[in-house]
Structure formats: C-alpha cells, structure tokens
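Q: What follows is entry37.tsv; its format and atoms are TSV, C-alpha atoms.
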chain	number	residue	atom	x	y	z
A	2	MET	CA	55.79	-62.45	221.86
A	3	GLN	CA	53.70	-61.48	218.82
A	4	LEU	CA	50.54	-63.58	218.75
A	5	GLY	CA	49.93	-63.00	215.06
A	6	ALA	CA	53.31	-64.52	214.17
A	7	MET	CA	52.72	-67.72	216.16
A	8	SER	CA	51.19	-70.98	214.97
A	9	TRP	CA	48.30	-72.38	216.97
A	10	THR	CA	50.46	-75.29	218.05
A	11	ALA	CA	53.22	-72.98	219.31
A	12	LEU	CA	50.63	-71.04	221.26
A	13	ARG	CA	49.17	-74.22	222.72
A	14	GLU	CA	52.62	-75.17	223.98
A	15	ARG	CA	53.03	-71.76	225.63
A	16	LEU	CA	49.60	-72.05	227.26
A	17	ASP	CA	50.41	-75.55	228.54
A	18	GLU	CA	53.60	-74.26	230.18
A	19	GLY	CA	51.68	-72.13	232.66
A	20	PRO	CA	49.64	-68.95	233.03
A	21	LEU	CA	49.88	-66.74	229.95
A	22	ASP	CA	48.38	-63.28	229.38
A	23	VAL	CA	47.61	-61.39	226.18
A	24	ALA	CA	47.97	-57.67	225.54
A	25	VAL	CA	45.64	-56.18	222.92
A	26	PRO	CA	46.91	-52.90	221.44
A	27	LEU	CA	44.29	-50.39	220.30
A	28	GLY	CA	45.19	-47.83	217.68
A	29	ALA	CA	43.49	-45.64	215.13
A	30	LEU	CA	43.56	-44.84	211.44
A	31	GLU	CA	43.56	-41.06	211.52
A	32	GLN	CA	45.58	-38.06	210.43
A	33	HIS	CA	48.66	-37.11	212.43
A	34	GLY	CA	49.68	-33.90	210.76
A	35	PRO	CA	51.63	-33.63	207.51
A	36	HIS	CA	54.67	-35.46	208.90
A	37	LEU	CA	53.40	-38.65	210.60
A	38	PRO	CA	51.59	-41.70	209.17
A	39	LEU	CA	47.90	-42.41	209.59
A	40	ASP	CA	48.67	-45.50	211.68
A	41	THR	CA	50.77	-43.61	214.26
A	42	ASP	CA	48.58	-44.59	217.22
A	43	SER	CA	48.65	-48.28	216.28
A	44	ARG	CA	52.44	-48.24	216.02
A	45	ILE	CA	52.75	-46.59	219.43
A	46	ALA	CA	50.25	-48.96	221.07
A	47	VAL	CA	52.10	-52.00	219.72
A	48	ALA	CA	55.46	-50.64	220.89
A	49	VAL	CA	54.19	-49.90	224.40
A	50	ALA	CA	52.35	-53.23	224.70
A	51	THR	CA	55.35	-55.18	223.42
A	52	ARG	CA	57.84	-53.54	225.77
A	53	ALA	CA	55.49	-53.94	228.72
A	54	ALA	CA	54.92	-57.62	227.86
A	55	GLU	CA	58.66	-58.21	227.64
A	56	ARG	CA	59.16	-56.58	231.03
A	57	VAL	CA	56.48	-58.56	232.90
A	58	GLY	CA	56.99	-61.86	231.05
A	59	ARG	CA	54.45	-64.58	230.24
A	60	CYS	CA	52.49	-62.25	228.00
A	61	VAL	CA	51.98	-62.25	224.23
A	62	VAL	CA	50.87	-59.29	222.14
A	63	ALA	CA	47.91	-59.56	219.79
A	64	PRO	CA	47.77	-57.69	216.47
A	65	PRO	CA	46.41	-54.17	216.96
A	66	GLN	CA	42.80	-53.14	216.63
A	67	ALA	CA	43.76	-50.77	213.85
A	68	VAL	CA	40.62	-48.60	213.55
A	69	GLY	CA	39.40	-46.72	216.60
A	70	ALA	CA	36.92	-44.02	217.56
A	71	SER	CA	38.19	-41.07	215.53
A	72	ALA	CA	35.12	-39.06	214.51
A	73	HIS	CA	36.84	-35.81	215.53
A	74	HIS	CA	39.43	-36.33	212.75
A	75	LEU	CA	37.04	-37.09	209.88
A	76	ALA	CA	37.62	-33.71	208.21
A	77	PHE	CA	41.05	-35.04	207.18
A	78	PRO	CA	41.42	-37.57	204.31
A	79	GLY	CA	42.36	-41.12	205.26
A	80	THR	CA	40.70	-41.15	208.66
A	81	ALA	CA	38.39	-44.09	209.39
A	82	SER	CA	36.28	-44.34	212.52
A	83	LEU	CA	34.08	-46.66	214.57
A	84	THR	CA	31.40	-45.61	217.02
A	85	ASP	CA	32.09	-46.23	220.68
A	86	ARG	CA	29.40	-48.93	220.72
A	87	THR	CA	30.84	-50.78	217.72
A	88	LEU	CA	34.38	-50.63	219.09
A	89	ALA	CA	33.20	-51.77	222.53
A	90	ASP	CA	31.41	-54.74	220.97
A	91	VAL	CA	34.53	-55.67	219.04
A	92	LEU	CA	36.64	-55.51	222.21
A	93	VAL	CA	34.18	-57.68	224.13
A	94	GLU	CA	34.18	-60.33	221.41
A	95	VAL	CA	37.94	-60.26	220.82
A	96	THR	CA	38.78	-60.58	224.50
A	97	HIS	CA	36.11	-63.24	225.10
A	98	THR	CA	37.37	-65.45	222.28
A	99	LEU	CA	41.00	-65.06	223.33
A	100	LEU	CA	40.23	-65.83	226.97
A	101	SER	CA	38.26	-68.91	225.93
A	102	HIS	CA	41.51	-70.48	224.72
A	103	GLY	CA	43.07	-70.35	228.16
A	104	PHE	CA	44.71	-66.96	228.54
A	105	ARG	CA	44.73	-65.87	232.17
A	106	ALA	CA	43.96	-62.21	231.43
A	107	ALA	CA	43.66	-59.74	228.55
A	108	TYR	CA	45.11	-56.23	228.81
A	109	LEU	CA	43.78	-53.45	226.56
A	110	VAL	CA	46.53	-50.91	225.73
A	111	THR	CA	45.51	-47.86	223.70
A	112	GLY	CA	47.65	-45.42	221.77
A	113	HIS	CA	44.63	-43.20	221.04
A	114	ALA	CA	42.71	-41.13	223.57
A	115	GLY	CA	39.51	-41.42	221.55
A	116	ASN	CA	39.26	-45.12	222.40
A	117	VAL	CA	38.90	-44.71	226.15
A	118	GLY	CA	35.11	-44.37	226.15
A	119	ALA	CA	34.71	-47.60	224.19
A	120	MET	CA	37.15	-49.35	226.52
A	121	ALA	CA	35.02	-48.37	229.53
A	122	ASP	CA	31.86	-49.50	227.70
A	123	ALA	CA	33.49	-52.83	226.92
A	124	LEU	CA	34.39	-53.45	230.57
A	125	ALA	CA	30.81	-52.68	231.58
A	126	SER	CA	29.49	-55.14	228.97
A	127	LEU	CA	31.64	-58.14	229.90
A	128	ALA	CA	29.83	-61.26	231.04
A	129	GLU	CA	31.04	-63.76	233.60
A	130	PRO	CA	33.60	-65.31	233.73
A	131	ASP	CA	35.40	-62.58	231.73
A	132	ARG	CA	34.82	-59.88	234.35
A	133	GLY	CA	37.99	-59.42	236.30
A	134	ARG	CA	40.06	-61.03	233.56
A	135	VAL	CA	40.05	-58.00	231.23
A	136	VAL	CA	41.93	-54.86	232.23
A	137	ALA	CA	41.61	-51.63	230.25
A	138	PHE	CA	44.39	-49.07	230.60
A	139	ASN	CA	42.04	-46.21	229.77
A	140	ASP	CA	43.18	-43.56	232.22
A	141	TRP	CA	44.30	-41.19	229.48
A	142	PRO	CA	44.96	-38.23	231.81
A	143	ALA	CA	47.47	-40.39	233.69
A	144	GLN	CA	49.22	-41.34	230.46
A	145	ARG	CA	49.23	-37.75	229.24
A	146	ASP	CA	50.62	-36.53	232.56
A	147	ALA	CA	53.36	-39.18	232.44
A	148	VAL	CA	54.67	-37.97	229.08
A	149	HIS	CA	54.26	-34.32	230.06
A	150	ARG	CA	56.36	-34.88	233.17
A	151	VAL	CA	59.06	-36.35	230.94
A	152	ALA	CA	58.84	-33.29	228.68
A	153	GLU	CA	59.23	-30.92	231.62
A	154	THR	CA	61.87	-32.78	233.63
A	155	ARG	CA	63.92	-34.57	230.97
A	156	CYS	CA	63.44	-32.60	227.74
A	157	GLY	CA	63.20	-29.01	228.99
A	158	LEU	CA	59.82	-28.46	227.31
A	159	ASP	CA	56.52	-27.13	228.57
A	160	ARG	CA	53.38	-29.24	228.25
A	161	GLU	CA	51.94	-27.07	225.49
A	162	THR	CA	54.94	-27.64	223.20
A	163	CYS	CA	55.03	-31.34	224.03
A	164	GLY	CA	51.43	-31.54	222.88
A	165	THR	CA	49.02	-34.43	222.77
A	166	HIS	CA	48.61	-35.21	219.07
A	167	ALA	CA	51.40	-35.32	216.47
A	168	GLY	CA	53.45	-32.95	218.63
A	169	HIS	CA	56.81	-33.48	220.26
A	170	PHE	CA	55.98	-36.66	222.15
A	171	GLU	CA	54.30	-38.69	219.40
A	172	THR	CA	56.80	-37.53	216.80
A	173	SER	CA	59.71	-38.44	219.06
A	174	ILE	CA	58.29	-41.90	219.69
A	175	LEU	CA	57.92	-42.53	215.96
A	176	LEU	CA	61.51	-41.38	215.44
A	177	ALA	CA	62.53	-44.00	218.03
A	178	ILE	CA	60.50	-46.93	216.71
A	179	ALA	CA	59.93	-46.21	212.99
A	180	PRO	CA	62.13	-43.31	211.82
A	181	GLU	CA	61.51	-44.17	208.17
A	182	SER	CA	57.83	-43.27	208.65
A	183	VAL	CA	58.52	-39.68	209.76
A	184	THR	CA	58.89	-36.77	207.32
A	185	MET	CA	60.52	-34.18	209.56
A	186	GLY	CA	60.82	-31.70	206.71
A	187	ALA	CA	57.04	-31.45	206.70
A	188	ALA	CA	56.70	-30.99	210.47
A	189	VAL	CA	54.97	-27.76	211.48
A	190	PRO	CA	53.59	-26.51	214.79
A	191	GLY	CA	49.90	-26.76	215.40
A	192	HIS	CA	47.79	-25.62	218.33
A	193	VAL	CA	50.09	-24.72	221.22
A	194	GLY	CA	48.09	-24.06	224.39
A	195	PRO	CA	46.75	-25.63	227.58
A	196	PRO	CA	45.69	-29.29	227.06
A	197	GLU	CA	42.34	-28.67	228.76
A	198	GLU	CA	41.58	-25.81	226.34
A	199	ALA	CA	42.55	-27.97	223.38
A	200	GLY	CA	40.33	-30.81	224.59
A	201	ALA	CA	37.29	-28.56	224.88
A	202	VAL	CA	37.64	-27.19	221.33
A	203	LEU	CA	38.40	-30.65	219.96
A	204	ARG	CA	35.26	-32.15	221.47
A	205	ALA	CA	33.08	-29.26	220.34
A	206	GLY	CA	34.29	-28.72	216.80
A	207	GLY	CA	36.71	-31.45	215.79
A	208	MET	CA	40.42	-31.31	215.13
A	209	ASP	CA	40.09	-29.00	212.13
A	210	ALA	CA	38.50	-26.34	214.37
A	211	LEU	CA	41.51	-26.54	216.69
A	212	SER	CA	44.36	-27.00	214.22
A	213	PRO	CA	44.04	-26.82	210.42
A	214	VAL	CA	47.23	-28.90	210.11
A	215	GLY	CA	46.01	-31.55	212.56
A	216	VAL	CA	48.73	-31.05	215.19
A	217	ILE	CA	48.55	-30.26	218.90
A	218	GLY	CA	51.98	-29.13	220.05
A	219	ASP	CA	55.21	-28.45	218.17
A	220	PRO	CA	56.96	-31.47	216.64
A	221	ARG	CA	59.95	-29.66	215.16
A	222	GLY	CA	62.37	-30.42	217.99
A	223	ALA	CA	61.46	-34.11	218.26
A	224	THR	CA	64.27	-36.65	218.70
A	225	ALA	CA	64.54	-40.41	218.96
A	226	SER	CA	66.23	-40.10	222.35
A	227	ALA	CA	63.25	-38.15	223.68
A	228	GLY	CA	61.00	-40.82	222.19
A	229	GLU	CA	62.73	-43.48	224.24
A	230	LEU	CA	62.09	-41.45	227.39
A	231	TYR	CA	58.41	-41.05	226.55
A	232	LEU	CA	58.11	-44.76	225.80
A	233	GLU	CA	59.76	-45.67	229.09
A	234	ALA	CA	57.21	-43.57	231.00
A	235	LEU	CA	54.26	-45.21	229.22
A	236	VAL	CA	55.69	-48.71	229.63
A	237	ASP	CA	56.19	-48.06	233.34
A	238	LEU	CA	52.47	-47.34	233.67
A	239	ILE	CA	51.33	-50.41	231.74
A	240	ALA	CA	53.83	-52.87	233.21
A	241	GLY	CA	53.05	-51.60	236.70
A	242	GLY	CA	49.34	-52.07	236.09
A	243	ILE	CA	49.82	-55.61	234.83
A	244	ALA	CA	51.95	-56.48	237.84
A	245	ALA	CA	49.33	-55.05	240.20
A	246	HIS	CA	46.54	-57.01	238.52
A	247	ARG	CA	48.54	-60.22	238.69
A	248	GLU	CA	49.21	-59.68	242.37
A	249	ALA	CA	45.50	-59.16	243.02
A	250	HIS	CA	44.47	-62.11	240.83
A	251	PRO	CA	47.21	-64.76	241.17
Please go through the file and, once you have read it, give me the structure as structure tokens.

A:
Amino acid sequence: MQLGAMSWTALRERLDEGPLDVAVPLGALEQHGPHLPLDTDSRIAVAVATRAAERVGRCVVAPPQAVGASAHHLAFPGTASLTDRTLADVLVEVTHTLLSHGFRAAYLVTGHAGNVGAMADALASLAEPDRGRVVAFNDWPAQRDAVHRVAETRCGLDRETCGTHAGHFETSILLAIAPESVTMGAAVPGHVGPPEEAGAVLRAGGMDALSPVGVIGDPRGATASAGELYLEALVDLIAGGIAAHREAHP
C-alpha cells in the first residue's frame, strides 16, 4: 500500500497486474498548538489516504508532500511554507512523473486547508494527457462540514468547540492514529467561535491574530474514539470520490 516502502520491481509487478491508482497525501509543517506536533496535517492526510486506498483497492499511497502553503502560521516557530505557485508546480511534476509510469489516476488528498488553492492551480496547469487523470479533493468546506456533523450528531459538541485547527477533531484523530505524539496536559482552548468568523480573521491577520496559542476550538475533551468517527467521515468522502471518478473513467 505504501509506495515509499516498495521496490521498483514490486511496483512494476503491481502495475502489470492491472489498473493501479496512486493517492498523494498533502500535509504541512506548521504549528498545531502547544499539544500537537508540527506534522499533524501530514499524519492526518496519510491516515485518510491510506484508509481510503484500502477501502477502494488497487491504490497505493505515496509519501506525503510534507510542506504546504502555511504563510498564515509563520509567526510560530517551526512553521515552513511554500507559495501556492511553488506547491502547484510541485504537484504538477509529482503527478506527471508518477502517471508516466503507468498509474491510471492520481488522487490528491490534503490534511491542510491552506493547500486547496495550490491544488486548484495544479489542476488548471496540467497538460494532456494528465488532465482527467488527476483528481484533487480540495473541497475543504465539504470536509469541514463532514467532521462538524460528526461533532454535532455523534460527539454532542457544537461546531465552534470542535474547531478547525488543533481543536477537538484534529486532536482526537491524532489520539486515534498516533497517541504518543499528543501532549494532552498542554492542551488549551483557543478561538471558539463561528468558523466563518475565524476564517476571515485568519486570512486578514494570520493565526496569531486569531489565537495566540494557535488553536481554533477546544481540544481538551478529545478522545481516540471520537477520532475514529472523524476519520470515518473523511474517508467516506475520499473513497466515494475515488469510486465516482473510476466509474466515470473506467
């Protein structure tokens, strides 16, 4: 399943067996509050891509693009960032070279909302015959709504507490997939308010203007069981999208 762990000969055998897709996780290297690691988004993207690939079958998962578009987090130490144009160029070249080896399609799966602009730019920059063979899951509002519905219906939380960055949902997912990376004793609430309001302040002034601790939501009640529910909702979106693309492009 993990492309980076395969030899080229093992991959060639898989490709010779029939149509094979590749999922490319996109993450970020940016602060996630005092309690989560800088590579949180990469870990989540890999987990979602891997579970979706397992569900649909005939799909391997590439190593993550570990640095994303994170300029709004640069006030916090450890954050690295690419411009949208640079990231888009990287995505075009990565997907083109992978497709040239015989993959049927490449699926871009992001764990970081800041990458969605670059993903759209990459799709617009693809040349033939790659157009139609690269799918970007960059509808971040749909992904955010999916986890917020889980918070409301399964976890008894409102959307503001669930949050969108280092809050209940991301902390819960990390507790499910990498509990050793979470320092719950350091978890503190950040900005708790309407997501639209948070987005406007974030875009205008950066994360430090919105939350001095770098958190949107309240992570203190996070649990691994809630993380599994959030993951299931995200995997449903990605696996469903892959299945729909395969049906349209057999």

Q: Report as a ChimeraX atom specification all protein, DNA and RNA residues lying within 9 Å of Arg86 of chain A, evaluated on all atoms listed in the file, omitting residues in the same chain fewer than 5 positions from it.

A: /A:91,119,122-123

Q: Near Ala225 of chain A, counting all atoms listed in the file, which residues have an atom at most 7 Å away, once you skip same-chain residues fewer than 2 positions from it, shown as a ChimeraX atom specification?

A: /A:173-174,176-177,227-229

Q: Mind pulling up the distance from atom CA of Asn139 of chain A to atom CA of Ile217 of chain A?

A: 20.4 Å

Q: Measuring between only C-alpha atoms, which one of A:His33, A:Arg44, A:Arg52, A:Arg132 shows the shortest distance to Pro64 of chain A?

A: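 Nearest candidate to Pro64 of chain A out of A:His33, A:Arg44, A:Arg52, A:Arg132: A:Arg44.
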
Q: Just the number, please: distance in Å from atom CA of Pro180 of chain A to atom CA of Phe138 of chain A, one decimal.

A: 26.5 Å

Q: If we count all atoms listed in the file, what is near Val49 of chain A at a cut-off of 12 Å, once residues fewer than 3 positions away on the same chain are taken out, given as a PyMOL selection string?

A: chain A and resi 24-28+42-46+52-56+62+65+108-112+138+144+174-175+178+228-240

Q: Could you check how far atom CA of Glu181 of chain A sits from atom CA of Gly34 of chain A, in Å to one decimal?

A: 15.9 Å

Q: Restricting the calculation to all atoms listed in the file: of A:Ala223, A:Val183, A:Ala70, A:Ala249, which residue gets closest to Thr41 of chain A?

A: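 Of A:Ala223, A:Val183, A:Ala70, A:Ala249, the one nearest Thr41 of chain A is A:Val183, counting all atoms listed in the file.
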
Q: Between A:Val57, A:Val214, A:Ala179, A:Ala201, which is the closest to His246 of chain A once you count only C-alpha atoms?

A: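 For His246 of chain A, the nearest of the given residues is A:Val57.
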
Q: Taking all atoms listed in the file into account, which of A:Gly115, A:Asp22, A:Ala67, A:Thr172 comes nearest Leu100 of chain A?

A: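 Among the listed residues, the smallest separation from Leu100 of chain A belongs to A:Asp22.
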
Q: For a quick check of understanding, using all atoms listed in the file, which of A:Gly164, A:Pro220, A:Pro130, A:Pro213 has the smallest distance to Ala187 of chain A?

A: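 So, comparing all the options, the nearest one is A:Pro220.
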
Q: Which neighbours of segment 189-191 of chain A fall inside 6 Å, counting all atoms listed in the file, when residues of the same chain fewer than 3 positions from it are skipped, and could you give them as number ranges by chain?

A: A: 212, 216-219

Q: Given the choices A:Arg105, A:Thr51, A:Arg145, A:Gly69, which gets closest to Ala81 of chain A if the distance is worked out from only C-alpha atoms?

A: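 The answer is A:Gly69, which sits nearest to Ala81 of chain A.
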
Q: Extract, using only C-alpha atoms, all DNA, RNA and protein residues at most 10 Å from segment 13-16 of chain A, discarding same-chain residues fewer than 2 positions from it, and format them as a PyMOL selection string.

A: chain A and resi 7-11+18-22+59-61+102-105

Q: Just so I have it separately, write segment 76-128 of chain A from the block I sent, keeping C-alpha atoms, as a PDB file, in the first residue's frame.

A:
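Output file part31.pdb follows:
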ATOM      1  CA  ALA A  76       4.507  33.786  13.433  1.00  0.00           C
ATOM      2  CA  PHE A  77       5.001  30.457  15.233  1.00  0.00           C
ATOM      3  CA  PRO A  78       8.442  28.747  15.351  1.00  0.00           C
ATOM      4  CA  GLY A  79       8.882  25.609  13.270  1.00  0.00           C
ATOM      5  CA  THR A  80       6.448  26.524  10.523  1.00  0.00           C
ATOM      6  CA  ALA A  81       7.732  26.219   6.949  1.00  0.00           C
ATOM      7  CA  SER A  82       5.743  27.343   3.932  1.00  0.00           C
ATOM      8  CA  LEU A  83       5.583  27.251   0.142  1.00  0.00           C
ATOM      9  CA  THR A  84       3.789  29.726  -2.083  1.00  0.00           C
ATOM     10  CA  ASP A  85       0.716  28.474  -3.896  1.00  0.00           C
ATOM     11  CA  ARG A  86       2.592  28.669  -7.203  1.00  0.00           C
ATOM     12  CA  THR A  87       5.553  26.641  -5.942  1.00  0.00           C
ATOM     13  CA  LEU A  88       3.329  23.995  -4.393  1.00  0.00           C
ATOM     14  CA  ALA A  89       1.193  23.806  -7.539  1.00  0.00           C
ATOM     15  CA  ASP A  90       4.307  23.304  -9.666  1.00  0.00           C
ATOM     16  CA  VAL A  91       5.484  20.534  -7.360  1.00  0.00           C
ATOM     17  CA  LEU A  92       2.107  18.794  -7.579  1.00  0.00           C
ATOM     18  CA  VAL A  93       2.075  19.013 -11.373  1.00  0.00           C
ATOM     19  CA  GLU A  94       5.542  17.492 -11.624  1.00  0.00           C
ATOM     20  CA  VAL A  95       4.967  14.797  -8.995  1.00  0.00           C
ATOM     21  CA  THR A  96       1.707  13.638 -10.532  1.00  0.00           C
ATOM     22  CA  HIS A  97       3.080  13.800 -14.090  1.00  0.00           C
ATOM     23  CA  THR A  98       6.097  11.649 -13.260  1.00  0.00           C
ATOM     24  CA  LEU A  99       4.009   9.119 -11.346  1.00  0.00           C
ATOM     25  CA  LEU A 100       1.426   8.857 -14.121  1.00  0.00           C
ATOM     26  CA  SER A 101       4.195   8.365 -16.673  1.00  0.00           C
ATOM     27  CA  HIS A 102       4.998   5.016 -15.049  1.00  0.00           C
ATOM     28  CA  GLY A 103       1.545   3.642 -15.765  1.00  0.00           C
ATOM     29  CA  PHE A 104      -0.692   4.645 -12.876  1.00  0.00           C
ATOM     30  CA  ARG A 105      -4.282   5.027 -14.022  1.00  0.00           C
ATOM     31  CA  ALA A 106      -5.003   8.095 -11.881  1.00  0.00           C
ATOM     32  CA  ALA A 107      -3.504  10.219  -9.100  1.00  0.00           C
ATOM     33  CA  TYR A 108      -5.636  11.451  -6.200  1.00  0.00           C
ATOM     34  CA  LEU A 109      -4.519  14.477  -4.162  1.00  0.00           C
ATOM     35  CA  VAL A 110      -5.671  14.200  -0.527  1.00  0.00           C
ATOM     36  CA  THR A 111      -4.953  17.161   1.755  1.00  0.00           C
ATOM     37  CA  GLY A 112      -4.933  17.363   5.518  1.00  0.00           C
ATOM     38  CA  HIS A 113      -4.412  21.140   5.414  1.00  0.00           C
ATOM     39  CA  ALA A 114      -6.932  23.721   4.241  1.00  0.00           C
ATOM     40  CA  GLY A 115      -4.178  26.087   3.132  1.00  0.00           C
ATOM     41  CA  ASN A 116      -3.252  23.739   0.285  1.00  0.00           C
ATOM     42  CA  VAL A 117      -6.547  23.941  -1.574  1.00  0.00           C
ATOM     43  CA  GLY A 118      -5.625  26.986  -3.671  1.00  0.00           C
ATOM     44  CA  ALA A 119      -2.447  25.310  -4.911  1.00  0.00           C
ATOM     45  CA  MET A 120      -4.384  22.131  -5.670  1.00  0.00           C
ATOM     46  CA  ALA A 121      -6.785  24.096  -7.883  1.00  0.00           C
ATOM     47  CA  ASP A 122      -3.850  25.845  -9.575  1.00  0.00           C
ATOM     48  CA  ALA A 123      -2.205  22.495 -10.226  1.00  0.00           C
ATOM     49  CA  LEU A 124      -5.331  21.092 -11.906  1.00  0.00           C
ATOM     50  CA  ALA A 125      -5.522  24.174 -14.127  1.00  0.00           C
ATOM     51  CA  SER A 126      -1.858  23.745 -15.116  1.00  0.00           C
ATOM     52  CA  LEU A 127      -1.966  20.081 -16.115  1.00  0.00           C
ATOM     53  CA  ALA A 128      -1.108  19.252 -19.703  1.00  0.00           C
TER      54      ALA A 128
END
